[in-house]
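Novice: Pasting query.cif here (mmCIF, C-alpha atoms):
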data_start
#
loop_
_atom_site.label_atom_id
_atom_site.label_comp_id
_atom_site.auth_asym_id
_atom_site.auth_seq_id
_atom_site.Cartn_x
_atom_site.Cartn_y
_atom_site.Cartn_z
CA VAL A 1 118.80 102.10 97.53
CA ASN A 2 120.29 101.94 101.03
CA ILE A 3 118.97 105.38 101.96
CA LYS A 4 115.42 104.27 101.07
CA LYS A 5 115.84 101.13 103.16
CA LYS A 6 116.93 103.17 106.16
CA SER A 7 114.02 105.58 105.92
CA ASN A 8 111.45 102.78 106.29
CA ARG A 9 110.99 101.83 109.91
CA PRO A 10 112.29 98.30 110.42
CA VAL A 11 109.49 95.79 111.03
CA PHE A 12 109.99 92.61 113.04
CA PRO A 13 110.34 89.75 110.50
CA PHE A 14 107.25 87.53 110.15
CA THR A 15 109.23 84.31 109.86
CA ALA A 16 110.99 85.07 113.16
CA ILE A 17 107.76 85.11 115.18
CA VAL A 18 107.71 82.15 117.57
CA GLY A 19 104.45 80.29 118.29
CA GLN A 20 100.94 81.69 117.68
CA GLU A 21 100.61 79.35 114.66
CA GLU A 22 96.84 79.71 114.48
CA MET A 23 96.94 83.48 114.18
CA LYS A 24 99.73 83.36 111.58
CA LEU A 25 97.82 80.80 109.50
CA ALA A 26 94.60 82.83 109.61
CA LEU A 27 96.44 85.91 108.34
CA VAL A 28 98.25 83.97 105.61
CA LEU A 29 95.03 82.40 104.31
CA ASN A 30 93.35 85.81 104.18
CA VAL A 31 96.25 87.20 102.20
CA ILE A 32 96.06 84.29 99.72
CA ASP A 33 92.29 84.72 99.32
CA PRO A 34 91.00 88.11 100.58
CA LYS A 35 87.43 86.93 99.90
CA ILE A 36 87.61 84.79 103.05
CA GLY A 37 86.49 87.97 104.76
CA GLY A 38 89.13 88.98 107.26
CA VAL A 39 90.09 87.69 110.65
CA ILE A 40 89.39 88.68 114.22
CA ILE A 41 92.11 87.87 116.72
CA MET A 42 91.03 87.68 120.34
CA GLY A 43 93.61 87.09 123.02
CA ASP A 44 95.48 88.15 126.11
CA ARG A 45 97.42 91.39 126.32
CA GLY A 46 101.00 91.36 125.06
CA THR A 47 100.77 88.21 122.95
CA GLY A 48 102.18 89.83 119.80
CA LYS A 49 98.89 90.48 117.97
CA SER A 50 99.89 93.86 116.52
CA THR A 51 103.49 92.76 115.87
CA THR A 52 102.33 89.80 113.76
CA ILE A 53 99.85 91.84 111.73
CA ARG A 54 102.43 94.54 110.94
CA ALA A 55 104.97 91.85 110.08
CA ILE A 56 102.76 90.15 107.49
CA THR A 57 102.16 93.33 105.48
CA ASP A 58 105.90 93.90 105.36
CA ILE A 59 106.46 90.51 103.74
CA LEU A 60 103.76 90.60 101.04
CA PRO A 61 104.71 90.85 97.34
CA GLU A 62 104.42 94.36 95.86
CA ILE A 63 101.30 95.30 93.87
CA GLN A 64 100.92 97.26 90.61
CA ILE A 65 98.96 100.49 91.01
CA VAL A 66 98.03 103.45 88.83
CA GLU A 67 100.37 106.35 89.62
CA ASP A 68 99.02 109.25 91.75
CA ASP A 69 95.70 107.48 92.29
CA PRO A 70 94.27 107.90 95.82
CA PHE A 71 92.53 104.52 95.68
CA ASN A 72 95.50 102.27 94.74
CA SER A 73 93.61 101.35 91.55
CA ASP A 74 94.59 98.18 89.72
CA PRO A 75 95.66 98.96 86.11
CA THR A 76 93.84 95.88 84.71
CA ASP A 77 91.10 94.63 87.08
CA LEU A 78 87.87 96.65 86.69
CA GLU A 79 86.62 95.60 90.15
CA LEU A 80 89.66 97.22 91.80
CA MET A 81 89.86 100.53 89.93
CA SER A 82 88.13 103.84 90.49
CA ASP A 83 85.61 105.21 87.99
CA GLU A 84 88.04 107.91 86.75
CA VAL A 85 90.74 105.37 85.95
CA ARG A 86 88.20 103.13 84.22
CA ARG A 87 87.02 106.05 82.06
CA SER A 88 90.62 106.92 81.14
CA ILE A 89 91.25 103.33 80.04
CA GLU A 90 88.00 103.18 78.06
CA ASN A 91 88.99 106.41 76.29
CA GLY A 92 92.28 104.77 75.32
CA GLU A 93 94.42 107.15 77.39
CA ASP A 94 97.84 106.02 78.57
CA ILE A 95 98.06 105.44 82.31
CA LYS A 96 101.27 105.40 84.29
CA VAL A 97 101.76 102.29 86.40
CA THR A 98 104.01 101.95 89.41
CA SER A 99 104.53 99.24 92.03
CA THR A 100 104.16 99.74 95.75
CA LYS A 101 104.00 97.80 99.01
CA VAL A 102 100.63 96.40 100.04
CA PRO A 103 99.01 99.19 102.08
CA MET A 104 98.44 98.62 105.78
CA VAL A 105 96.07 101.11 107.39
CA ASP A 106 95.66 101.47 111.14
CA LEU A 107 92.21 102.58 112.24
CA PRO A 108 92.44 104.67 115.43
CA LEU A 109 89.71 104.09 118.03
CA GLY A 110 88.63 107.71 117.97
CA ALA A 111 88.13 107.85 114.19
CA THR A 112 84.98 109.58 112.94
CA GLU A 113 82.76 108.32 110.14
CA ASP A 114 84.03 111.13 107.87
CA ARG A 115 87.64 110.12 108.47
CA VAL A 116 86.86 106.49 107.66
CA CYS A 117 84.66 106.95 104.58
CA GLY A 118 85.96 110.23 103.21
CA THR A 119 84.08 113.50 102.75
CA ILE A 120 82.68 115.53 99.89
CA ASP A 121 83.71 119.19 99.82
CA ILE A 122 80.25 120.74 99.37
CA GLU A 123 81.56 124.31 99.05
CA LYS A 124 83.83 123.39 96.16
CA ALA A 125 81.07 121.33 94.56
CA LEU A 126 78.68 124.30 94.65
CA THR A 127 81.11 127.05 93.63
CA GLU A 128 83.22 125.23 91.02
CA GLY A 129 80.76 122.54 89.98
CA VAL A 130 83.23 119.68 90.49
CA LYS A 131 82.93 116.64 92.70
CA ALA A 132 85.64 117.31 95.27
CA PHE A 133 86.18 114.15 97.25
CA GLU A 134 88.55 113.90 100.20
CA PRO A 135 89.42 110.19 100.38
CA GLY A 136 89.26 108.53 103.80
CA LEU A 137 90.93 105.50 105.35
CA LEU A 138 88.86 103.05 103.28
CA ALA A 139 90.32 104.55 100.09
CA LYS A 140 93.84 104.14 101.45
CA ALA A 141 93.16 100.54 102.45
CA ASN A 142 91.95 99.39 99.00
CA ARG A 143 93.89 96.20 98.01
CA GLY A 144 95.60 96.11 101.40
CA LEU A 145 94.93 95.40 105.06
CA LEU A 146 92.85 97.48 107.43
CA TYR A 147 93.80 96.84 111.04
CA VAL A 148 91.51 97.74 113.93
CA ASP A 149 93.10 97.28 117.33
CA GLU A 150 90.60 96.86 120.20
CA VAL A 151 87.80 96.25 117.69
CA ASN A 152 85.42 95.44 120.55
CA LEU A 153 85.73 99.03 121.78
CA LEU A 154 84.98 100.62 118.38
CA ASP A 155 81.59 102.24 117.74
CA ASP A 156 79.14 99.68 116.40
CA HIS A 157 78.10 101.74 113.39
CA LEU A 158 81.76 102.16 112.37
CA VAL A 159 82.32 98.41 112.56
CA ASP A 160 79.21 98.03 110.39
CA ILE A 161 80.64 100.38 107.76
CA LEU A 162 83.97 98.54 107.72
CA LEU A 163 82.35 95.13 107.36
CA ASP A 164 79.97 96.35 104.64
CA SER A 165 82.69 97.73 102.41
CA ALA A 166 84.98 94.78 103.12
CA ALA A 167 82.21 92.45 101.95
CA SER A 168 81.03 94.44 98.91
CA GLY A 169 84.43 95.81 97.89
CA TRP A 170 82.99 99.32 97.37
CA ASN A 171 82.50 102.36 99.58
CA THR A 172 79.77 104.88 98.78
CA VAL A 173 79.67 108.39 100.26
CA GLU A 174 76.36 110.28 99.98
CA ARG A 175 76.04 113.88 101.03
CA GLU A 176 73.69 116.73 100.04
CA GLY A 177 72.55 114.97 96.88
CA ILE A 178 76.09 114.16 95.72
CA SER A 179 77.14 110.54 95.59
CA ILE A 180 80.65 109.16 95.09
CA ARG A 181 81.78 105.55 95.18
CA HIS A 182 85.21 104.01 95.01
CA PRO A 183 86.70 100.53 95.36
CA ALA A 184 87.51 99.46 98.92
CA ARG A 185 88.47 95.81 98.91
CA PHE A 186 90.70 94.99 101.83
CA VAL A 187 91.40 92.30 104.39
CA LEU A 188 89.83 93.45 107.62
CA VAL A 189 91.87 92.41 110.65
CA GLY A 190 90.50 93.12 114.10
CA SER A 191 92.12 92.33 117.41
CA GLY A 192 90.93 92.66 120.94
CA ASN A 193 91.01 91.37 124.48
CA PRO A 194 87.83 89.46 125.44
CA GLU A 195 88.10 90.76 129.02
CA GLU A 196 87.30 94.26 127.78
CA GLY A 197 83.96 93.27 126.26
CA GLU A 198 82.52 91.00 123.60
CA LEU A 199 81.66 91.93 120.03
CA ARG A 200 77.98 91.68 119.04
CA PRO A 201 77.24 88.25 117.49
CA GLN A 202 76.05 89.70 114.16
CA LEU A 203 79.34 91.60 113.82
CA LEU A 204 81.39 88.57 114.86
CA ASP A 205 79.63 86.51 112.20
CA ARG A 206 80.78 88.93 109.48
CA PHE A 207 84.45 88.22 110.14
CA GLY A 208 85.58 85.25 108.06
CA MET A 209 87.88 83.69 110.62
CA HIS A 210 88.35 83.90 114.36
CA SER A 211 91.67 83.18 116.00
CA GLU A 212 92.09 82.77 119.74
CA ILE A 213 95.53 83.24 121.20
CA ARG A 214 96.81 82.51 124.65
CA THR A 215 99.98 83.57 126.43
CA VAL A 216 102.78 81.08 125.87
CA ARG A 217 103.25 79.06 129.07
CA ASP A 218 106.44 77.14 128.19
CA PRO A 219 109.33 78.93 129.98
CA GLU A 220 111.96 78.04 127.34
CA LEU A 221 109.78 79.37 124.53
CA ARG A 222 109.17 82.54 126.52
CA VAL A 223 112.91 83.08 126.94
CA GLN A 224 113.38 82.56 123.18
CA ILE A 225 110.71 85.19 122.41
CA VAL A 226 112.22 87.70 124.83
CA GLU A 227 115.72 87.15 123.41
CA GLN A 228 114.53 87.60 119.83
CA ARG A 229 112.72 90.80 120.69
CA SER A 230 115.74 92.30 122.50
CA ASP A 231 118.07 91.24 119.64
CA PHE A 232 115.79 93.00 117.18
CA ASP A 233 115.56 96.15 119.29
CA LYS A 234 119.36 96.26 119.67
CA ASN A 235 120.18 95.75 115.99
CA PRO A 236 117.20 95.57 113.61
CA GLU A 237 119.36 95.51 110.45
CA GLU A 238 121.30 92.42 111.52
CA CYS A 239 118.13 90.61 112.58
CA LEU A 240 116.49 91.37 109.21
CA THR A 241 119.56 90.15 107.31
CA ARG A 242 119.54 86.92 109.30
CA TYR A 243 115.94 86.17 108.33
CA GLN A 244 116.14 87.54 104.76
CA GLU A 245 116.28 84.12 103.08
CA GLN A 246 113.31 82.76 105.06
CA GLN A 247 111.36 85.95 104.32
CA ASP A 248 112.05 85.62 100.56
CA ASN A 249 111.03 81.95 100.55
CA PHE A 250 107.83 82.78 102.38
CA LYS A 251 107.07 85.56 99.89
CA LYS A 252 107.53 83.07 97.06
CA THR A 253 105.19 80.55 98.71
CA ILE A 254 102.46 83.19 99.04
CA THR A 255 102.81 84.34 95.42
CA GLU A 256 102.63 80.76 94.15
CA ALA A 257 99.62 80.00 96.35
CA GLN A 258 97.79 83.07 94.99
CA LYS A 259 98.37 81.82 91.43
CA LEU A 260 97.36 78.26 92.30
CA LEU A 261 94.17 79.25 94.14
CA SER A 262 91.93 79.35 91.05
CA GLN A 263 92.83 75.73 90.21
CA THR A 264 92.04 74.30 93.66
CA ASN A 265 89.03 72.06 94.04
CA ILE A 266 86.97 70.51 96.86
CA ASP A 267 85.32 67.17 96.20
CA TYR A 268 81.49 67.26 96.34
CA ALA A 269 81.35 64.68 99.18
CA LEU A 270 83.65 66.86 101.32
CA ARG A 271 81.52 69.95 100.62
CA VAL A 272 78.42 68.07 101.79
CA LYS A 273 80.22 67.06 104.99
CA ILE A 274 81.32 70.64 105.68
CA SER A 275 77.69 71.75 105.42
CA GLN A 276 76.65 68.83 107.63
CA VAL A 277 79.07 70.04 110.34
CA CYS A 278 77.61 73.56 110.08
CA GLY A 279 74.09 72.14 110.27
CA GLU A 280 74.80 70.03 113.34
CA LEU A 281 76.46 72.95 115.10
CA ASP A 282 73.29 74.96 114.44
CA VAL A 283 75.22 77.77 112.72
CA ASP A 284 72.93 80.59 111.54
CA GLY A 285 73.14 81.48 107.86
CA LEU A 286 75.50 80.11 105.24
CA ARG A 287 78.59 82.21 105.86
CA GLY A 288 80.19 79.36 107.82
CA ASP A 289 79.90 76.96 104.87
CA ILE A 290 81.22 79.48 102.35
CA VAL A 291 84.19 80.58 104.48
CA THR A 292 85.21 77.00 105.38
CA ASN A 293 85.20 76.05 101.69
CA ARG A 294 87.29 79.11 100.78
CA ALA A 295 89.74 78.69 103.63
CA ALA A 296 90.27 74.97 102.89
CA ARG A 297 91.04 75.79 99.25
CA ALA A 298 93.43 78.58 100.28
CA TYR A 299 95.20 76.19 102.66
CA ALA A 300 95.57 73.55 99.93
CA ALA A 301 97.07 76.22 97.63
CA TYR A 302 99.40 77.31 100.46
CA GLU A 303 100.58 73.69 100.72
CA GLY A 304 101.10 73.63 96.93
CA ARG A 305 98.22 71.24 96.09
CA THR A 306 95.09 71.58 93.95
CA GLU A 307 92.93 68.95 95.73
CA VAL A 308 91.58 69.68 99.21
CA THR A 309 91.99 66.86 101.75
CA VAL A 310 90.15 66.10 105.00
CA GLU A 311 93.26 67.27 106.92
CA ASP A 312 93.05 70.68 105.20
CA ILE A 313 89.45 71.07 106.34
CA GLN A 314 90.35 69.96 109.87
CA THR A 315 93.11 72.59 110.02
CA VAL A 316 90.82 75.51 109.16
CA ILE A 317 87.30 74.56 110.28
CA THR A 318 87.69 75.60 113.93
CA MET A 319 88.83 79.10 112.96
CA CYS A 320 85.95 79.43 110.48
CA LEU A 321 83.12 78.28 112.78
CA ARG A 322 84.18 78.89 116.38
CA HIS A 323 82.66 82.38 116.56
CA ARG A 324 79.41 81.51 114.79
CA LEU A 325 78.02 79.16 117.45
CA ARG A 326 75.12 80.31 119.60
CA LYS A 327 76.30 81.34 123.04
CA ASP A 328 74.91 78.98 125.68
CA PRO A 329 75.65 80.10 129.25
CA LEU A 330 75.34 76.51 130.52
CA GLU A 331 77.80 75.07 127.97
CA THR A 332 80.93 73.68 129.64
CA ILE A 333 82.88 72.82 126.47
CA ASP A 334 84.97 75.45 124.66
CA SER A 335 83.44 76.46 121.30
CA GLY A 336 86.60 75.44 119.41
CA ASP A 337 86.57 71.97 120.97
CA LYS A 338 82.87 71.66 120.15
CA VAL A 339 83.57 72.33 116.47
CA LEU A 340 86.30 69.68 116.41
CA LYS A 341 84.10 67.16 118.22
CA VAL A 342 81.33 67.50 115.63
CA PHE A 343 83.94 67.44 112.84
CA GLU A 344 85.26 64.10 114.14
CA GLU A 345 81.74 62.66 114.29
CA VAL A 346 80.82 63.74 110.75
CA PHE A 347 84.09 62.95 108.98
CA ASN A 348 84.88 59.67 110.74
#
Can you turn what I pasted into C-alpha cells?

Specialist:
Amino acid sequence: VNIKKKSNRPVFPFTAIVGQEEMKLALVLNVIDPKIGGVIIMGDRGTGKSTTIRAITDILPEIQIVEDDPFNSDPTDLELMSDEVRRSIENGEDIKVTSTKVPMVDLPLGATEDRVCGTIDIEKALTEGVKAFEPGLLAKANRGLLYVDEVNLLDDHLVDILLDSAASGWNTVEREGISIRHPARFVLVGSGNPEEGELRPQLLDRFGMHSEIRTVRDPELRVQIVEQRSDFDKNPEECLTRYQEQQDNFKKTITEAQKLLSQTNIDYALRVKISQVCGELDVDGLRGDIVTNRAARAYAAYEGRTEVTVEDIQTVITMCLRHRLRKDPLETIDSGDKVLKVFEEVFN
C-alpha cells in the first residue's frame, strides 16, 4: 500500500488552503451537484487557482467504474455509461467493476479539436469494418473534472464544444459518415486572469458559477500561506498526515451532502423571489434562475439541511448571477455588489 501512495504525486491538502472561501465554496457546490454547470474562476496571478482545483479532486470520494472502459462508465446509471457497456448489461453479461479516483483532466491551451473530442480511425473502419474510436479528453473527463487554465485564451469553438458536452452530458464525433457518441458529463472548471482578455458573454453565461478572487492583502495571512506552502514543499508526507483527519471529515461531509441533495427543497415563495431578483437585474434567459435554485439546494445539503433558507440563497446568488449582467461601461458599481443590492431590496 505504501509503495502505491508514494507513486502518486502528493497534492496540497484542500483543507489546508487559507482564504479564497468563495472559490472553494463554488467548487464544493459543483462537486455536490455537477448539474450546476461548472465554475469559472477569474482572478489575479498567483492566487492559488490551480492549487485549489487540483486539491479538490484529490479529496473526492472514489467512484465505481466498469473495468477497462475508456469512458469511466457507471455500472448502474444508464446516463453515465457507454453504448457498449449498456448492450453488455442488456445481454445479461457479467461486467467487472472497480473503483478509482475521480478523474481530473487538464486541457492544454494548444489542444486541437481531435484531441478534445476523439477521432475515428477511418482506415481501420474501411479495411476491417469496425468502428475504431480513439477517445479524447472528453472521454477521460466523464464523471470527473475538466480544468481549463487561461480559459479566456482558448479558441472560441473549443470552449463551445466543452460547454455543449458539459451541458448535454454526451459527446458526438461525426466523420466521413461514421458517428460515435459517448457519455461526457463532467464539471467544467475554467480559470483566467481578466487582464489578459474577457470571455465572450454568451460563453460566460454557460458557466454555472463565477468566482472572483483577489490577492490576500492581510500581511499575517500572507505569511501563513507562505509558511504552509514551504512546509509542504519541504515535507509533503508530514503535511498530509497533519491534515488527514480534516480531509477525511470533509470527504464525509461531501458524501453525505450528495446523498441528501435529492431531499432538499426550496419554498415556492423563495423561488419566486429568486426569479424576481433575476428579472430586476435584467438577466437574459433563465439559466440564472435555474443555477441559483440548484446552488442554494446544494448549499443546504452541504450544511446538512433539507430546507433552503434566505441565508443559503444570499451565500450563493452573487456567484450565480454576477457574470450574467449586461456590461454597462458607465456603471460605477461592481457587478457582485449590484446583485447583493437587488437581493436586499427583494428579500427585505

Novice: Excluding A:Thr315 and residues on its chain fewer than 6 positions from it, collect all residues at most 10 Å away from it, counting only C-alpha atoms, and give them as JSON, numbers by chain.

Specialist: {"A": [22, 25, 295, 296, 299, 340]}

Novice: Atoms to include: C-alpha atoms. Write the selected residues as a PDB file, in the coordinates of the input.

Specialist:
ATOM      1  CA  GLU A  22      96.840  79.710 114.480  1.00  0.00           C
ATOM      2  CA  LEU A  25      97.820  80.800 109.500  1.00  0.00           C
ATOM      3  CA  ALA A 295      89.740  78.690 103.630  1.00  0.00           C
ATOM      4  CA  ALA A 296      90.270  74.970 102.890  1.00  0.00           C
ATOM      5  CA  TYR A 299      95.200  76.190 102.660  1.00  0.00           C
ATOM      6  CA  LEU A 340      86.300  69.680 116.410  1.00  0.00           C
TER       7      LEU A 340
END

Novice: Of the candidates A:Val97, A:Thr318, A:Ala257, A:Arg9, which shows the shortest atom-to-atom distance to A:Val31, using only C-alpha atoms?

Specialist: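 Looking only at the distances to A:Val31, the closest residue turns out to be A:Ala257.
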
Novice: Carefully work through the PyMOL selection byres ((chain A and resi 170) around 7) for this structure and note down the residues it includes, as a VMD selection string.

Specialist: chain A and resid 165 168 to 169 171 to 172 181 to 185

Novice: Given all atoms listed in the file as the basis, pick out the residue of A:Leu325, A:Val28, A:Val308, A:Leu158 nearest to A:Asp114.

Specialist: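 Closest to A:Asp114, using all atoms listed in the file: A:Leu158.
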
Novice: Ranking A:Asn193, A:Ser262, A:Thr100, A:Ser211 by minimum distance to A:Gly46 and counting only C-alpha atoms, which one comes first?

Specialist: A:Asn193

Novice: What is the atom CA of A:Arg45-atom CA of A:Thr215 distance in Å, reported with one decimal?

Specialist: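 Calculated distance between atom CA of A:Arg45 and atom CA of A:Thr215 is 8.2 Å.
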
Novice: With distances taken over only C-alpha atoms, which residue among A:Asn72, A:Gln20, A:Gln244, A:Asn293 lies nearest A:Pro103?

Specialist: A:Asn72

Novice: Residues near stretch 228-236 of chain A, anyone? I mean within 10 Å using all atoms listed in the file, not counting same-chain ones fewer than 4 positions away, as a list of chain:residue names.

Specialist: A:Arg9, A:Pro10, A:Val11, A:Phe12, A:Pro13, A:Ala16, A:Ile17, A:Val18, A:Arg222, A:Val223, A:Gln224, A:Leu240, A:Thr241, A:Arg242

Novice: Using only C-alpha atoms, find the one residue out of A:Ser275, A:Thr119, A:Asn265, A:Thr253 that sits nearest to A:Glu176.

Specialist: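 Of the candidates, the smallest distance to A:Glu176 is held by A:Thr119.
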
Novice: Ranking A:Ile317, A:Ile178, A:Ile266, A:Ala55 by minimum distance to A:Leu126 and counting all atoms listed in the file, which one comes first?

Specialist: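 Ranking A:Ile317, A:Ile178, A:Ile266, A:Ala55 by distance to A:Leu126, first place goes to A:Ile178.
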
Novice: Provide the atom CA of A:Ala139 to atom CA of A:Phe71 distance in Å, to one decimal place.

Specialist: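 Interatomic distance here is 4.9 Å.
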
Novice: What does the distance from atom CA of A:Glu134 to atom CA of A:Pro70 come to in Å, to one decimal?

Specialist: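 So the two atoms, atom CA of A:Glu134 and atom CA of A:Pro70, lie 9.4 Å apart.
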
Novice: For a cut-off of 12 Å around (89.8, 104.6, 86.7), file coordinates, pick out all residues using all atoms listed in the file and list them as a ChimeraX atom specification.

Specialist: /A:65-96,181-183

Novice: Taking (81.6, 70.0, 98.9) in the file's coordinates as the center, which residues reach within 12 Å of it, counting only C-alpha atoms, put as an mmCIF file with C-alpha atoms, in the frame of the given file?

Specialist:
data_model
loop_
_atom_site.group_PDB
_atom_site.id
_atom_site.type_symbol
_atom_site.label_atom_id
_atom_site.label_comp_id
_atom_site.auth_asym_id
_atom_site.auth_seq_id
_atom_site.Cartn_x
_atom_site.Cartn_y
_atom_site.Cartn_z
ATOM 1 C CA ASN A 265 89.030 72.060 94.040
ATOM 2 C CA ILE A 266 86.970 70.510 96.860
ATOM 3 C CA ASP A 267 85.320 67.170 96.200
ATOM 4 C CA TYR A 268 81.490 67.260 96.340
ATOM 5 C CA ALA A 269 81.350 64.680 99.180
ATOM 6 C CA LEU A 270 83.650 66.860 101.320
ATOM 7 C CA ARG A 271 81.520 69.950 100.620
ATOM 8 C CA VAL A 272 78.420 68.070 101.790
ATOM 9 C CA LYS A 273 80.220 67.060 104.990
ATOM 10 C CA ILE A 274 81.320 70.640 105.680
ATOM 11 C CA SER A 275 77.690 71.750 105.420
ATOM 12 C CA GLN A 276 76.650 68.830 107.630
ATOM 13 C CA VAL A 277 79.070 70.040 110.340
ATOM 14 C CA ASP A 289 79.900 76.960 104.870
ATOM 15 C CA ILE A 290 81.220 79.480 102.350
ATOM 16 C CA THR A 292 85.210 77.000 105.380
ATOM 17 C CA ASN A 293 85.200 76.050 101.690
ATOM 18 C CA ARG A 294 87.290 79.110 100.780
ATOM 19 C CA ALA A 296 90.270 74.970 102.890
ATOM 20 C CA ARG A 297 91.040 75.790 99.250
ATOM 21 C CA GLU A 307 92.930 68.950 95.730
ATOM 22 C CA VAL A 308 91.580 69.680 99.210
ATOM 23 C CA THR A 309 91.990 66.860 101.750
ATOM 24 C CA VAL A 310 90.150 66.100 105.000
ATOM 25 C CA ILE A 313 89.450 71.070 106.340
#

Novice: Carefully work through the PyMOL selection byres ((chain A and resi 37) around 9) for this structure and note down the residues it includes, as a ChimeraX atom specification.

Specialist: /A:30,33-36,38-39,163,166-167,186-188,206-209,291

Novice: Convert the output of the PyMOL selection byres ((chain A and resi 104) around 6) on the shown file into explicit residues, formatted as a ChimeraX atom specification.

Specialist: /A:103,105,144-146

Novice: Can you rebuild stretch 131-145 of chain A with N, CA, C and O atoms and give it as a CSV table (one decimal), in the frame of the given file?

Specialist:
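Writing done, so here's rebuild33.csv:
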chain,number,residue,atom,x,y,z
A,131,LYS,N,83.1,117.5,91.5
A,131,LYS,CA,82.9,116.6,92.7
A,131,LYS,C,84.3,116.6,93.4
A,131,LYS,O,85.2,116.0,92.9
A,132,ALA,N,84.4,117.3,94.5
A,132,ALA,CA,85.6,117.3,95.3
A,132,ALA,C,85.6,116.3,96.4
A,132,ALA,O,84.9,116.6,97.4
A,133,PHE,N,86.3,115.2,96.3
A,133,PHE,CA,86.2,114.2,97.2
A,133,PHE,C,87.5,114.1,98.0
A,133,PHE,O,88.6,114.0,97.4
A,134,GLU,N,87.4,114.1,99.3
A,134,GLU,CA,88.6,113.9,100.2
A,134,GLU,C,88.6,112.4,100.6
A,134,GLU,O,87.7,112.0,101.4
A,135,PRO,N,89.5,111.6,100.1
A,135,PRO,CA,89.4,110.2,100.4
A,135,PRO,C,89.7,109.9,101.9
A,135,PRO,O,90.5,110.6,102.5
A,136,GLY,N,89.1,108.9,102.4
A,136,GLY,CA,89.3,108.5,103.8
A,136,GLY,C,90.2,107.3,103.9
A,136,GLY,O,90.9,106.9,103.0
A,137,LEU,N,90.1,106.7,105.1
A,137,LEU,CA,90.9,105.5,105.4
A,137,LEU,C,90.6,104.3,104.5
A,137,LEU,O,91.4,103.5,104.1
A,138,LEU,N,89.3,104.2,104.1
A,138,LEU,CA,88.9,103.0,103.3
A,138,LEU,C,89.5,103.1,101.9
A,138,LEU,O,89.8,102.1,101.3
A,139,ALA,N,89.7,104.4,101.4
A,139,ALA,CA,90.3,104.6,100.1
A,139,ALA,C,91.8,104.1,100.2
A,139,ALA,O,92.3,103.4,99.3
A,140,LYS,N,92.4,104.5,101.3
A,140,LYS,CA,93.8,104.1,101.4
A,140,LYS,C,94.0,102.6,101.6
A,140,LYS,O,95.0,102.1,101.2
A,141,ALA,N,93.0,102.0,102.1
A,141,ALA,CA,93.2,100.5,102.4
A,141,ALA,C,92.8,99.6,101.3
A,141,ALA,O,93.0,98.4,101.3
A,142,ASN,N,92.3,100.2,100.2
A,142,ASN,CA,92.0,99.4,99.0
A,142,ASN,C,93.1,98.5,98.6
A,142,ASN,O,94.2,99.0,98.4
A,143,ARG,N,92.9,97.2,98.4
A,143,ARG,CA,93.9,96.2,98.0
A,143,ARG,C,94.9,96.0,99.1
A,143,ARG,O,96.0,95.4,98.8
A,144,GLY,N,94.6,96.3,100.3
A,144,GLY,CA,95.6,96.1,101.4
A,144,GLY,C,94.9,95.5,102.6
A,144,GLY,O,94.0,94.8,102.5
A,145,LEU,N,95.5,95.9,103.8
A,145,LEU,CA,94.9,95.4,105.1
A,145,LEU,C,94.5,96.6,105.9
A,145,LEU,O,95.1,97.6,105.9
